[in-house]
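K.L.:
Contents of run.cif (mmCIF, C-alpha atoms):
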data_final
loop_
_atom_site.label_atom_id
_atom_site.label_comp_id
_atom_site.auth_asym_id
_atom_site.auth_seq_id
_atom_site.Cartn_x
_atom_site.Cartn_y
_atom_site.Cartn_z
CA ARG B 1 -7.82 -28.14 3.71
CA ASP B 2 -5.81 -27.60 0.53
CA ILE B 3 -7.54 -24.31 -0.27
CA LEU B 4 -4.27 -22.58 -0.97
CA LYS B 5 -0.79 -23.95 -1.43
CA VAL B 6 2.22 -21.65 -0.99
CA ARG B 7 4.74 -22.53 -3.67
CA ASN B 8 7.34 -19.81 -3.16
CA ILE B 9 8.29 -17.15 -0.67
CA TYR B 10 10.72 -14.53 -1.93
CA ASP B 11 12.97 -12.69 0.49
CA LEU B 12 14.45 -9.79 -1.44
CA ARG B 13 16.25 -8.16 1.46
CA ASN B 14 19.85 -7.28 0.74
CA GLU B 15 22.34 -4.54 1.58
CA SER B 16 21.68 -2.54 -1.60
CA LEU B 17 17.93 -2.43 -0.99
CA GLN B 18 18.50 -1.53 2.68
CA GLN B 19 20.68 1.40 1.60
CA MET B 20 17.96 2.52 -0.85
CA GLN B 21 15.38 2.34 1.94
CA ASP B 22 17.59 4.30 4.34
CA LEU B 23 18.09 7.00 1.71
CA ALA B 24 14.33 7.13 1.06
CA VAL B 25 13.67 7.58 4.79
CA GLN B 26 16.22 10.43 4.95
CA THR B 27 14.55 12.06 1.93
CA LEU B 28 11.09 11.71 3.46
CA LYS B 29 12.29 13.27 6.71
CA ALA B 30 13.84 16.22 4.87
CA GLN B 31 10.67 16.73 2.81
CA ALA B 32 8.39 16.48 5.86
CA ASN B 33 10.45 19.09 7.68
CA SER B 34 10.74 21.47 4.71
CA GLU B 35 8.30 24.37 4.59
CA ASP B 36 8.81 24.54 0.81
CA PHE B 37 7.86 20.93 0.10
CA PRO B 38 4.12 20.41 -0.56
CA LYS B 39 2.45 18.23 2.03
CA PRO B 40 0.05 15.41 1.03
CA THR B 41 -3.63 16.26 1.12
CA TRP B 42 -6.87 14.77 -0.04
CA PRO B 43 -8.36 17.24 -2.50
CA ASP B 44 -11.71 18.66 -1.44
CA GLU B 45 -12.92 18.58 -5.05
CA ALA B 46 -13.11 14.79 -4.72
CA LEU B 47 -15.81 15.27 -2.11
CA ALA B 48 -19.48 15.25 -3.01
CA GLU B 49 -21.77 18.26 -2.83
CA ASP B 50 -23.93 16.42 -0.31
CA PRO B 51 -22.81 17.50 3.21
CA VAL B 52 -23.68 14.07 4.66
CA LYS B 53 -21.50 12.30 2.07
CA ASN B 54 -18.73 14.81 2.74
CA ALA B 55 -18.88 14.12 6.46
CA LEU B 56 -18.81 10.34 5.87
CA ARG B 57 -15.86 10.54 3.49
CA LYS B 58 -13.91 12.80 5.80
CA ARG B 59 -14.61 10.39 8.65
CA ASP B 60 -13.38 7.48 6.49
CA ARG B 61 -10.18 9.40 5.75
CA GLU B 62 -9.60 10.19 9.41
CA GLU B 63 -10.22 6.56 10.35
CA ALA B 64 -7.80 5.30 7.68
CA LEU B 65 -5.11 7.67 8.90
CA TRP B 66 -5.72 6.63 12.52
CA MET B 67 -5.47 2.94 11.57
CA LEU B 68 -2.19 3.52 9.72
CA HIS B 69 -0.85 5.35 12.75
CA GLN B 70 -1.79 2.37 14.94
CA VAL B 71 0.02 -0.21 12.78
CA SER B 72 3.11 1.91 12.14
CA GLN B 73 6.18 2.45 14.27
CA LYS B 74 8.34 5.48 14.84
CA ILE B 75 11.79 5.30 13.26
CA PRO B 76 14.36 6.48 15.82
CA ASP B 77 15.85 9.87 14.88
CA LYS B 78 13.71 10.03 11.71
CA GLU B 79 10.54 11.70 13.05
CA PRO B 80 7.97 12.30 11.63
CA VAL B 81 8.61 9.36 9.25
CA ARG B 82 6.99 6.11 10.38
CA ARG B 83 7.29 2.53 9.10
CA ALA B 84 4.53 -0.05 8.63
CA HIS B 85 4.57 -3.60 7.32
CA VAL B 86 2.15 -3.79 4.41
CA PHE B 87 1.31 -6.31 1.73
CA HIS B 88 0.71 -6.00 -2.01
CA GLY B 89 -0.78 -8.69 -4.21
CA CYS B 90 1.78 -9.31 -6.97
CA GLY B 91 0.92 -11.50 -9.91
CA ASP B 92 4.46 -12.77 -10.41
CA GLU B 93 8.06 -12.55 -9.27
CA SER B 94 9.07 -9.97 -11.89
CA GLN B 95 6.48 -7.52 -10.50
CA LEU B 96 7.75 -8.15 -6.99
CA ARG B 97 11.36 -7.48 -8.01
CA SER B 98 10.39 -4.33 -9.93
CA ILE B 99 8.53 -2.93 -6.93
CA SER B 100 11.36 -3.81 -4.56
CA HIS B 101 13.85 -1.88 -6.71
CA SER B 102 11.69 1.04 -7.91
CA GLY B 103 9.08 1.36 -5.19
CA PHE B 104 5.54 2.71 -5.37
CA ALA B 105 6.12 6.39 -4.64
CA ALA B 106 6.42 7.70 -8.21
CA HIS B 107 3.06 6.21 -9.19
CA VAL B 108 1.26 6.97 -5.94
CA ALA B 109 2.13 10.67 -6.24
CA ASN B 110 0.01 10.86 -9.41
CA THR B 111 -3.19 9.40 -7.94
CA SER B 112 -5.85 10.84 -5.69
CA GLY B 113 -5.61 7.58 -3.78
CA TRP B 114 -9.22 7.22 -2.78
CA PHE B 115 -12.42 5.41 -3.74
CA GLY B 116 -11.34 3.22 -6.63
CA ASP B 117 -8.88 5.56 -8.28
CA PRO B 118 -6.49 3.49 -10.40
CA GLY B 119 -3.31 3.25 -8.40
CA ILE B 120 -1.38 1.20 -5.91
CA TYR B 121 -3.23 -0.72 -3.26
CA LEU B 122 -1.61 -1.98 -0.09
CA SER B 123 -3.04 -3.73 2.93
CA THR B 124 -1.91 -4.41 6.46
CA MET B 125 -3.43 -7.89 6.02
CA ALA B 126 -1.70 -10.47 3.81
CA THR B 127 -4.97 -12.31 3.19
CA TYR B 128 -6.57 -9.17 1.75
CA ALA B 129 -3.57 -8.43 -0.50
CA LEU B 130 -3.70 -12.02 -1.72
CA ARG B 131 -7.06 -11.22 -3.33
CA TYR B 132 -5.23 -9.05 -5.89
CA SER B 133 -2.64 -11.66 -6.84
CA PHE B 134 -4.68 -13.79 -9.20
CA ARG B 135 -5.68 -12.80 -12.72
CA ARG B 136 -7.40 -14.59 -15.55
CA ASP B 137 -7.73 -12.96 -18.97
CA GLY B 138 -6.36 -9.72 -17.51
CA ARG B 139 -9.04 -9.52 -14.80
CA PHE B 140 -8.75 -10.08 -11.08
CA VAL B 141 -10.01 -13.42 -9.82
CA GLU B 142 -10.69 -14.00 -6.13
CA PHE B 143 -8.20 -16.62 -4.95
CA TRP B 144 -10.97 -19.00 -3.90
CA ASP B 145 -12.42 -18.79 -7.43
CA ALA B 146 -9.07 -19.23 -9.21
CA PRO B 147 -8.88 -22.47 -11.17
CA PRO B 148 -6.41 -25.15 -10.03
CA GLY B 149 -2.88 -24.35 -11.16
CA THR B 150 -3.43 -20.59 -11.34
CA CYS B 151 -0.29 -18.74 -10.33
CA GLY B 152 -0.37 -15.71 -8.16
#
I'd like the structure from this file rewritten - as structure tokens, please.
P.N.:
Amino acid sequence: RDILKVRNIYDLRNESLQQMQDLAVQTLKAQANSEDFPKPTWPDEALAEDPVKNALRKRDREEALWMLHQVSQKIPDKEPVRRAHVFHGCGDESQLRSISHSGFAAHVANTSGWFGDPGIYLSTMATYALRYSFRRDGRFVEFWDAPPGTCG
């Protein structure tokens, strides 16, 4: 069909990154089990005054959490930390390498993470993440609308 041609696949796994990931998992476990460490929440002030909209948004949040639970796996001896395979649409290799070394956590902590807030977006579906890989003139372009030769 020639709709999309994969030019490169980058496998950035190595011992150093594995050690960084193991340390991050240990840190997450310690934070999750600490009474002094603030737990993630969705702020109620982001909810609307309309009780119907509030109920719908809360239901969306519960559904998103349920779905993440379904696609994630327990990490032996690291409860309550779980692991999920997710995808992010990177525009180029340098972004990919930066994320693999620095991660998302520092930026995600500063966002409300809901309903279009500027931040980091991940998907459990590669095809959905692909939609965020292509840009033209600084704007996102759906991959099926990207002109021939566009990199993403």
K.L.:
To one decimal place in Å, what is the distance between CA of His69 in chain B and CA of Val52 in chain B?
P.N.:
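Separation of CA of His69 in chain B and CA of Val52 in chain B: 25.7 Å.
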K.L.:
Of the candidates B:Ser72, B:Asn8, B:Gln26, B:Gln21, which shows the shortest atom-to-atom distance to His101 in chain B, using only C-alpha atoms?
P.N.:
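Answer, going by the shortest atom-to-atom distance: B:Gln21.
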K.L.:
Take CA of Gln31 in chain B and CA of Tyr121 in chain B and report the distance between them in Å, one decimal.
P.N.:
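Between these atoms lies a distance of 23.1 Å.
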K.L.:
So which residues get picked by the PyMOL selection byres ((chain B and resi 89) around 8) here, written as a ChimeraX atom specification?
P.N.:
/B:87-88,90-91,122,129-133
K.L.:
Given the file above and the PyMOL selection byres ((chain B and resi 84) around 7), which residues are selected, and can you give them as a ChimeraX atom specification?
P.N.:
/B:71-73,82-83,85-86
K.L.:
Just the residues within 10 Å of Arg97 in chain B, please, counting only C-alpha atoms, with nothing from its chain fewer than 6 positions along; format it as a list of chain:residue names.
P.N.:
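Returned residues: B:Tyr10, B:Leu12, B:Cys90, B:Gly103.
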K.L.:
Between CA of Val25 in chain B and CA of Lys78 in chain B, what is the spacing in Å?
P.N.:
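Taking CA of Lys78 in chain B as the start and CA of Val25 in chain B as the end point, the length is 7.3 Å.
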K.L.:
I need the residue nearest Val81 in chain B from this list: B:Ile9, B:Leu96, B:Ala30, B:Val141. Use only C-alpha atoms for the distance.
P.N.:
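Between B:Ile9, B:Leu96, B:Ala30, B:Val141, the residue approaching Val81 in chain B most closely is B:Ala30.
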K.L.:
Which one of B:Phe37, B:Lys53, B:Ser16, B:Lys29 sits closest to Pro76 in chain B if you count only C-alpha atoms?
P.N.:
B:Lys29
